[in-house]
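upload.cif follows; it contains mmCIF, C-alpha atoms.
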data_query
loop_
_atom_site.group_PDB
_atom_site.id
_atom_site.type_symbol
_atom_site.label_atom_id
_atom_site.label_comp_id
_atom_site.auth_asym_id
_atom_site.auth_seq_id
_atom_site.Cartn_x
_atom_site.Cartn_y
_atom_site.Cartn_z
ATOM 1 C CA MET A 110 75.053 120.215 72.822
ATOM 2 C CA ILE A 111 77.803 117.978 74.250
ATOM 3 C CA ASN A 112 81.128 118.096 72.402
ATOM 4 C CA ILE A 113 82.084 114.401 72.750
ATOM 5 C CA PRO A 114 85.628 114.574 71.215
ATOM 6 C CA ASP A 115 86.458 117.553 73.410
ATOM 7 C CA LEU A 116 85.104 115.763 76.500
ATOM 8 C CA VAL A 117 87.044 112.566 75.726
ATOM 9 C CA GLN A 118 90.234 114.535 75.144
ATOM 10 C CA LYS A 119 89.810 116.324 78.482
ATOM 11 C CA LEU A 120 89.090 113.016 80.216
ATOM 12 C CA LEU A 121 92.201 111.368 78.785
ATOM 13 C CA ALA A 122 94.418 114.320 79.709
ATOM 14 C CA GLN A 123 93.108 114.393 83.283
ATOM 15 C CA THR A 124 93.383 110.607 83.630
ATOM 16 C CA LYS A 125 96.973 110.642 82.366
ATOM 17 C CA SER A 126 97.868 113.421 84.782
ATOM 18 C CA ALA A 127 96.245 111.572 87.718
ATOM 19 C CA LEU A 128 98.022 108.302 86.852
ATOM 20 C CA LEU A 129 101.394 110.032 86.534
ATOM 21 C CA GLU A 130 100.916 111.635 89.921
ATOM 22 C CA ILE A 131 100.074 108.279 91.528
ATOM 23 C CA VAL A 132 103.042 106.530 89.894
ATOM 24 C CA THR A 133 105.406 109.346 90.918
ATOM 25 C CA THR A 134 104.159 109.173 94.501
ATOM 26 C CA ASP A 135 104.212 105.387 94.919
ATOM 27 C CA THR A 136 107.329 104.322 92.984
ATOM 28 C CA PRO A 137 109.805 105.606 95.609
ATOM 29 C CA LEU A 138 107.865 103.659 98.237
ATOM 30 C CA VAL A 139 108.458 100.382 96.372
ATOM 31 C CA ILE A 140 112.140 101.201 95.736
ATOM 32 C CA ASP A 141 112.662 102.062 99.425
ATOM 33 C CA ALA A 142 110.944 98.820 100.458
ATOM 34 C CA VAL A 143 113.169 96.722 98.162
ATOM 35 C CA ASP A 144 116.313 98.508 99.415
ATOM 36 C CA SER A 145 115.260 97.956 103.004
ATOM 37 C CA TYR A 146 114.506 94.224 102.461
ATOM 38 C CA ILE A 147 117.851 93.639 100.725
ATOM 39 C CA SER A 148 119.663 95.443 103.522
ATOM 40 C CA ASN A 149 117.806 93.375 106.158
ATOM 41 C CA ALA A 150 118.650 90.151 104.300
ATOM 42 C CA GLU A 151 122.350 91.108 104.288
ATOM 43 C CA THR A 152 122.209 91.818 108.029
ATOM 44 C CA ARG A 153 120.506 88.471 108.718
ATOM 45 C CA MET A 154 123.036 86.513 106.677
ATOM 46 C CA SER A 155 125.957 88.332 108.343
ATOM 47 C CA SER A 156 124.544 87.576 111.806
ATOM 48 C CA LEU A 157 124.025 83.919 110.901
ATOM 49 C CA LEU A 158 127.558 83.523 109.530
ATOM 50 C CA GLN A 159 129.077 85.379 112.477
ATOM 51 C CA ASN A 160 127.133 83.143 114.846
ATOM 52 C CA LEU A 161 128.360 80.034 113.066
ATOM 53 C CA SER A 162 131.974 81.267 113.041
ATOM 54 C CA GLU A 163 131.726 81.899 116.798
ATOM 55 C CA GLY A 164 130.745 78.279 117.415
ATOM 56 C CA GLY A 165 126.994 78.568 116.808
ATOM 57 C CA ASP A 166 124.870 75.495 116.203
ATOM 58 C CA VAL A 167 124.339 74.301 112.613
ATOM 59 C CA LYS A 168 120.787 73.215 113.482
ATOM 60 C CA PHE A 169 120.088 76.781 114.680
ATOM 61 C CA LEU A 170 121.362 78.100 111.332
ATOM 62 C CA LEU A 171 119.255 75.621 109.332
ATOM 63 C CA ASP A 172 116.151 76.466 111.391
ATOM 64 C CA ARG A 173 116.624 80.160 110.598
ATOM 65 C CA LEU A 174 117.201 79.481 106.908
ATOM 66 C CA ARG A 175 113.898 77.583 106.852
ATOM 67 C CA GLU A 176 112.216 80.701 108.311
ATOM 68 C CA GLU A 177 113.408 82.791 105.361
ATOM 69 C CA LYS A 178 110.296 81.723 103.429
ATOM 70 C CA ASP A 179 108.081 83.422 106.021
ATOM 71 C CA ILE A 180 110.147 86.609 105.842
ATOM 72 C CA LEU A 181 109.752 86.525 102.074
ATOM 73 C CA ARG A 182 106.012 85.947 102.571
ATOM 74 C CA THR A 183 105.606 89.014 104.805
ATOM 75 C CA GLU A 184 107.682 91.101 102.379
ATOM 76 C CA VAL A 185 105.508 89.994 99.452
ATOM 77 C CA LEU A 186 102.406 90.827 101.505
ATOM 78 C CA SER A 187 103.664 94.405 101.866
ATOM 79 C CA PHE A 188 103.976 94.644 98.065
ATOM 80 C CA ILE A 189 100.425 93.299 97.753
ATOM 81 C CA VAL A 190 99.217 96.050 100.131
ATOM 82 C CA ILE A 191 101.149 98.686 98.152
ATOM 83 C CA GLY A 192 99.799 97.299 94.848
ATOM 84 C CA LYS A 193 96.206 97.203 96.062
ATOM 85 C CA GLY A 194 96.571 100.773 97.336
ATOM 86 C CA VAL A 195 97.932 101.965 93.999
ATOM 87 C CA ALA A 196 95.158 100.176 92.070
ATOM 88 C CA GLN A 197 92.568 101.637 94.436
ATOM 89 C CA ASN A 198 93.937 105.153 93.922
ATOM 90 C CA VAL A 199 94.008 104.725 90.146
ATOM 91 C CA ILE A 200 90.418 103.472 89.968
ATOM 92 C CA ASN A 201 89.095 106.114 92.352
ATOM 93 C CA SER A 202 90.966 108.913 90.565
ATOM 94 C CA VAL A 203 89.612 107.809 87.187
ATOM 95 C CA GLN A 204 86.134 107.547 88.725
ATOM 96 C CA ASP A 205 86.443 111.083 90.100
ATOM 97 C CA ILE A 206 87.498 112.393 86.711
ATOM 98 C CA LEU A 207 84.646 110.582 84.934
ATOM 99 C CA LEU A 208 82.196 111.768 87.570
ATOM 100 C CA GLN A 209 83.320 115.357 87.158
ATOM 101 C CA ALA A 210 83.057 115.056 83.371
ATOM 102 C CA ILE A 211 79.579 113.536 83.581
ATOM 103 C CA ALA A 212 78.463 116.163 86.094
ATOM 104 C CA SER A 213 79.717 118.913 83.812
ATOM 105 C CA VAL A 214 77.454 117.813 80.929
ATOM 106 C CA LEU A 215 74.365 116.927 82.994
ATOM 107 C CA PRO A 216 71.671 119.481 83.759
ATOM 108 C CA PRO A 217 71.999 120.481 87.496
ATOM 109 C CA ASN A 218 68.916 118.467 88.592
ATOM 110 C CA ASN A 219 70.362 115.172 87.288
ATOM 111 C CA VAL A 220 73.644 115.313 89.207
ATOM 112 C CA ALA A 221 73.626 112.648 91.949
ATOM 113 C CA MET B 286 69.216 113.048 74.160
ATOM 114 C CA LYS B 287 66.965 111.576 76.887
ATOM 115 C CA LYS B 288 68.701 108.200 76.465
ATOM 116 C CA LEU B 289 72.105 109.864 76.836
ATOM 117 C CA LEU B 290 71.024 111.707 79.973
ATOM 118 C CA PHE B 291 69.649 108.467 81.411
ATOM 119 C CA LEU B 292 72.936 106.665 80.727
ATOM 120 C CA LEU B 293 74.921 109.536 82.206
ATOM 121 C CA THR B 294 72.766 109.523 85.344
ATOM 122 C CA ILE B 295 73.221 105.751 85.776
ATOM 123 C CA SER B 296 76.980 106.172 85.244
ATOM 124 C CA THR B 297 77.074 108.938 87.822
ATOM 125 C CA VAL B 298 75.381 106.709 90.407
ATOM 126 C CA LEU B 299 77.716 103.788 89.603
ATOM 127 C CA PHE B 300 80.870 105.875 89.669
ATOM 128 C CA SER B 301 79.989 107.438 93.008
ATOM 129 C CA CYS B 302 80.772 104.048 94.671
ATOM 130 C CA LYS B 303 84.437 104.278 95.738
ATOM 131 C CA VAL B 304 86.665 101.205 95.488
ATOM 132 C CA THR B 305 88.244 100.121 98.811
ATOM 133 C CA TRP B 306 90.810 97.305 98.868
ATOM 134 C CA VAL B 307 93.113 98.414 101.666
ATOM 135 C CA PRO B 308 92.472 99.814 105.143
ATOM 136 C CA ALA B 309 92.616 103.532 105.790
ATOM 137 C CA LYS B 310 95.897 104.926 107.124
ATOM 138 C CA SER B 311 95.954 104.697 110.907
ATOM 139 C CA ALA B 312 98.354 106.847 112.901
ATOM 140 C CA PRO B 313 97.855 104.788 116.111
ATOM 141 C CA GLN B 314 98.740 101.593 114.200
ATOM 142 C CA ILE B 315 101.913 103.185 112.795
ATOM 143 C CA VAL B 316 102.858 104.358 116.301
ATOM 144 C CA ASN B 317 102.175 100.846 117.647
ATOM 145 C CA VAL B 318 104.374 99.172 114.991
ATOM 146 C CA LEU B 319 107.175 101.697 115.561
ATOM 147 C CA ASP B 320 106.904 101.062 119.292
ATOM 148 C CA ILE B 321 107.130 97.289 118.755
ATOM 149 C CA GLN B 322 110.155 97.796 116.485
ATOM 150 C CA THR B 323 111.960 100.011 119.018
ATOM 151 C CA SER B 324 111.125 97.969 122.096
ATOM 152 C CA THR B 325 112.028 94.631 120.472
ATOM 153 C CA THR B 326 115.400 95.901 119.237
ATOM 154 C CA SER B 327 116.063 97.592 122.609
ATOM 155 C CA LEU B 328 115.242 94.411 124.520
ATOM 156 C CA TYR B 329 117.573 92.240 122.431
ATOM 157 C CA ASP B 330 120.314 94.907 122.487
ATOM 158 C CA ALA B 331 119.982 95.096 126.271
ATOM 159 C CA ILE B 332 120.266 91.308 126.658
ATOM 160 C CA ILE B 333 123.259 91.202 124.272
ATOM 161 C CA ALA B 334 125.024 93.975 126.206
ATOM 162 C CA SER B 335 124.305 92.436 129.608
ATOM 163 C CA SER B 336 126.324 89.807 131.421
ATOM 164 C CA ASP B 337 123.032 88.369 132.714
ATOM 165 C CA ARG B 338 121.322 86.792 129.712
ATOM 166 C CA ARG B 339 118.935 84.561 131.702
ATOM 167 C CA TYR B 340 115.331 84.413 130.446
ATOM 168 C CA VAL B 341 113.868 85.085 133.910
ATOM 169 C CA THR B 342 115.584 88.487 134.021
ATOM 170 C CA TYR B 343 113.759 89.618 130.869
ATOM 171 C CA GLN B 344 110.485 87.726 131.255
ATOM 172 C CA SER B 345 108.455 90.861 132.034
ATOM 173 C CA ASP B 346 110.026 92.764 129.091
ATOM 174 C CA TYR B 347 109.081 89.908 126.763
ATOM 175 C CA ALA B 348 105.538 89.980 128.185
ATOM 176 C CA THR B 349 105.229 93.746 127.589
ATOM 177 C CA ILE B 350 106.237 93.429 123.925
ATOM 178 C CA GLY B 351 104.069 90.327 123.546
ATOM 179 C CA ARG B 352 101.040 92.318 124.682
ATOM 180 C CA LYS B 353 101.812 95.058 122.140
ATOM 181 C CA ILE B 354 102.005 92.467 119.361
ATOM 182 C CA ASP B 355 98.774 90.837 120.571
ATOM 183 C CA THR B 356 97.085 94.264 120.398
ATOM 184 C CA LEU B 357 98.399 94.747 116.853
ATOM 185 C CA VAL B 358 96.892 91.390 115.849
ATOM 186 C CA SER B 359 93.550 92.112 117.590
ATOM 187 C CA VAL B 360 93.197 95.483 115.871
ATOM 188 C CA ASN B 361 93.999 94.025 112.457
ATOM 189 C CA LEU B 362 91.597 91.153 113.075
ATOM 190 C CA VAL B 363 88.624 93.545 113.010
ATOM 191 C CA ARG B 364 90.109 96.120 110.624
ATOM 192 C CA PRO B 365 88.144 96.363 107.366
ATOM 193 C CA HIS B 366 90.225 95.259 104.336
ATOM 194 C CA GLY B 367 93.134 94.424 106.664
ATOM 195 C CA ALA B 368 93.585 90.729 105.729
ATOM 196 C CA ASN B 369 97.133 91.135 104.371
ATOM 197 C CA ILE B 370 98.394 93.231 107.275
ATOM 198 C CA LEU B 371 96.728 90.756 109.635
ATOM 199 C CA GLN B 372 98.739 87.904 108.055
ATOM 200 C CA GLN B 373 101.919 89.946 108.515
ATOM 201 C CA SER B 374 101.047 90.630 112.178
ATOM 202 C CA LEU B 375 100.330 86.931 112.780
ATOM 203 C CA LEU B 376 103.739 85.989 111.341
ATOM 204 C CA LEU B 377 105.422 88.490 113.669
ATOM 205 C CA GLN B 378 103.421 87.128 116.616
ATOM 206 C CA THR B 379 104.354 83.522 115.768
ATOM 207 C CA TYR B 380 108.069 84.248 115.549
ATOM 208 C CA PHE B 381 108.234 86.583 118.542
ATOM 209 C CA TYR B 382 106.727 83.883 120.768
ATOM 210 C CA LYS B 383 108.839 81.168 119.104
ATOM 211 C CA TYR B 384 112.089 83.021 119.892
ATOM 212 C CA GLU B 385 110.899 83.883 123.381
ATOM 213 C CA GLY B 386 109.983 80.220 123.871
ATOM 214 C CA ASP B 387 113.506 79.183 122.827
ATOM 215 C CA HIS B 388 115.024 81.621 125.326
ATOM 216 C CA LYS B 389 112.690 80.288 128.022
ATOM 217 C CA ALA B 390 113.449 76.634 127.196
ATOM 218 C CA ARG B 391 117.230 77.079 127.070
ATOM 219 C CA GLY B 392 117.384 79.580 129.951
ATOM 220 C CA ILE B 393 120.351 81.463 128.501
ATOM 221 C CA LEU B 394 121.023 82.290 124.853
ATOM 222 C CA SER B 395 124.398 83.061 123.309
ATOM 223 C CA VAL B 396 125.099 86.584 122.073
ATOM 224 C CA GLY B 397 125.213 85.199 118.528
ATOM 225 C CA ASP B 398 121.779 83.570 118.802
ATOM 226 C CA LEU B 399 120.312 86.759 120.305
ATOM 227 C CA ARG B 400 121.800 88.844 117.499
ATOM 228 C CA VAL B 401 120.198 86.543 114.914
ATOM 229 C CA TYR B 402 116.799 86.644 116.673
ATOM 230 C CA ARG B 403 116.962 90.458 116.854
ATOM 231 C CA ASP B 404 117.718 90.711 113.122
ATOM 232 C CA TYR B 405 115.024 88.177 112.174
ATOM 233 C CA LEU B 406 112.372 89.990 114.222
ATOM 234 C CA LYS B 407 113.396 93.295 112.603
ATOM 235 C CA SER B 408 112.761 91.625 109.246
ATOM 236 C CA PHE B 409 109.264 90.612 110.342
ATOM 237 C CA ILE B 410 108.422 94.092 111.662
ATOM 238 C CA LYS B 411 109.722 96.227 108.769
ATOM 239 C CA PRO B 412 107.257 94.919 106.121
ATOM 240 C CA ILE B 413 104.327 95.677 108.461
ATOM 241 C CA LEU B 414 105.610 99.232 108.828
ATOM 242 C CA ILE B 415 105.998 99.560 105.054
ATOM 243 C CA SER B 416 102.432 98.299 104.532
ATOM 244 C CA GLU B 417 101.068 100.757 107.107
ATOM 245 C CA LEU B 418 103.020 103.692 105.657
ATOM 246 C CA SER B 419 101.814 102.920 102.112
ATOM 247 C CA LEU B 420 98.165 103.389 103.098
ATOM 248 C CA LYS B 421 96.421 106.626 102.173
#

Could you quickly redo this structure as structure tokens?
Amino acid sequence: MINIPDLVQKLLAQTKSALLEIVTTDTPLVIDAVDSYISNAETRMSSLLQNLSEGGDVKFLLDRLREEKDILRTEVLSFIVIGKGVAQNVINSVQDILLQAIASVLPPNNVA
Amino acid sequence: MKKLLFLLTISTVLFSCKVTWVPAKSAPQIVNVLDIQTSTTSLYDAIIASSDRRYVTYQSDYATIGRKIDTLVSVNLVRPHGANILQQSLLLQTYFYKYEGDHKARGILSVGDLRVYRDYLKSFIKPILISELSLK
């Protein structure tokens, strides 16, 4: 006979553990990305200001500032990739846990 | 009991389909992006450090990097679930050729302009690298 409360409890514990592992692995990646993008933005602004102070063209500066939206776009795209990857890992981990739980209560012949 | 077993079997079949929203990690792609990052920065640093900043002197170096970026785009074009990284690669391609085109049109660029282009291209390459490294 299947002990449903016991099975659910096991499932929840395993799911929580899997989610914590994923969050612990992927959070530093996001923090590093943000740090890197802020640092790159500082470098870009410094270069632009230095260029202007050395007699650089204002039109050149304005053209680059207009391109900032595309840099932001590519940075956001990287967060979308990271987010999709995290969601994919979460779903697949939960699926694995559910699959294992289901397999453990099924008679051997019924396991796909 | 039979109903439960039936439901469990159906669930097992359903759950055995893995979700895939991002491409698989690709070592060659990471190497390619790192190569583009290094060669682009090296090219601009070399032009900045040189007394000869004419476009014609660096035309072949631009072409070499351009080909690497074109390869990156082509690979991502056919890569399953690679739509976001493809968009990032296309942005890099657009701006690399735009800055090269400016150098070609003006013949010589100032050190300040070259420094800005180098830093802007770095900012287009880094997010691609972060996307690639985040893949499992």

Residues matched by the PyMOL selection byres ((chain A) within 8 of (chain B)) as a VMD selection string: chain A and resid 135 138 142 146 149 to 150 152 to 153 156 to 157 159 to 160 163 165 179 to 180 183 to 184 186 to 191 193 to 194 197 200 to 201 204 to 205 207 to 208 211 to 212 215 219 to 221

Grab the CA of Glu176 in chain A to CA of Ile315 in chain B distance for me, in Å with one decimal place.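 CA of Glu176 in chain A sits 25.1 Å away from CA of Ile315 in chain B.
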
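Using only C-alpha atoms, the shortest contact distance between Asp387 in chain B and any of A:Ile140, A:Glu177, A:Phe169, A:Leu161 is found at A:Phe169.
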
Which of B:Ser335, B:Pro313, B:Phe381, B:Val341 sits closest to Ile354 in chain B [using all atoms listed in the file]: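 Closest residue, counting all atoms listed in the file: B:Phe381.
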
Return the single residue from A:Val214, A:Val195, A:Leu158, A:Ile113 that is closest to Thr133 in chain A, with distances computed using all atoms listed in the file. A:Val195

Which value, in Å to one decimal, gives the distance between CA of Val185 in chain A and CA of Arg173 in chain A?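 Separation of CA of Val185 in chain A and CA of Arg173 in chain A: 18.6 Å.
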
Quick one: residues within 8 Å of Arg338 in chain B, only C-alpha atoms, excluding same-chain residues fewer than 5 positions away - as a ChimeraX atom specification? /B:332-333,393-394

Excluding Gly392 in chain B and any residue of its chain fewer than 3 positions from it, enumerate the residues within 12 Å of it, using only C-alpha atoms, and give them as a PyMOL selection string. chain B and resi 337-344+384-389+395

Nearest to Gln209 in chain A by atom-to-atom distance, counting all atoms listed in the file, from A:Val167, A:Leu129, A:Leu120, A:Ala196: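 Checking each of A:Val167, A:Leu129, A:Leu120, A:Ala196 against Gln209 in chain A, counting all atoms listed in the file, the winner is A:Leu120.
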
With only C-alpha atoms as the atoms that count, which of A:Ser148, A:Ser202, A:Asn112, A:Ser155 lies nearest to Ser126 in chain A?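 Answer, going by the shortest atom-to-atom distance: A:Ser202.
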
Closest to Tyr329 in chain B among B:Val360, B:Tyr382, B:Asp346, B:Asn317, using only C-alpha atoms?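 Closest candidate: B:Asp346.
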
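Pairwise distance (CA of Pro365 in chain B, CA of Asp320 in chain B) equals 22.7 Å.
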
Polymer residues at most 12 Å from Glu130 in chain A, only C-alpha atoms, same-chain spacing of 6 or more positions, as a ChimeraX atom specification: /A:123-124,136,195,198-199,202

Skipping near chain neighbours, those fewer than 6 positions away, what residues fall within 10 Å of Lys353 in chain B using only C-alpha atoms, listed as a JSON list (two decimals) with C-alpha atoms, in the coordinates of the input?
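result_38.json written:
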[["chain", "number", "residue", "atom", "x", "y", "z"],
["B", 317, "ASN", "CA", 102.18, 100.85, 117.65],
["B", 318, "VAL", "CA", 104.37, 99.17, 114.99],
["B", 320, "ASP", "CA", 106.90, 101.06, 119.29],
["B", 321, "ILE", "CA", 107.13, 97.29, 118.76],
["B", 324, "SER", "CA", 111.12, 97.97, 122.10],
["B", 359, "SER", "CA", 93.55, 92.11, 117.59],
["B", 378, "GLN", "CA", 103.42, 87.13, 116.62]]

Kindly list the centre and edge lengths in Å, rounded to one decimal, for the axis-aligned box that covers all listed atoms of range 185-194 of chain A plus 4 Å on each of its six sides, as AutoDock Vina command-line options.
--center_x 100.9 --center_y 95.4 --center_z 98.4 --size_x 17.3 --size_y 18.8 --size_z 15.0
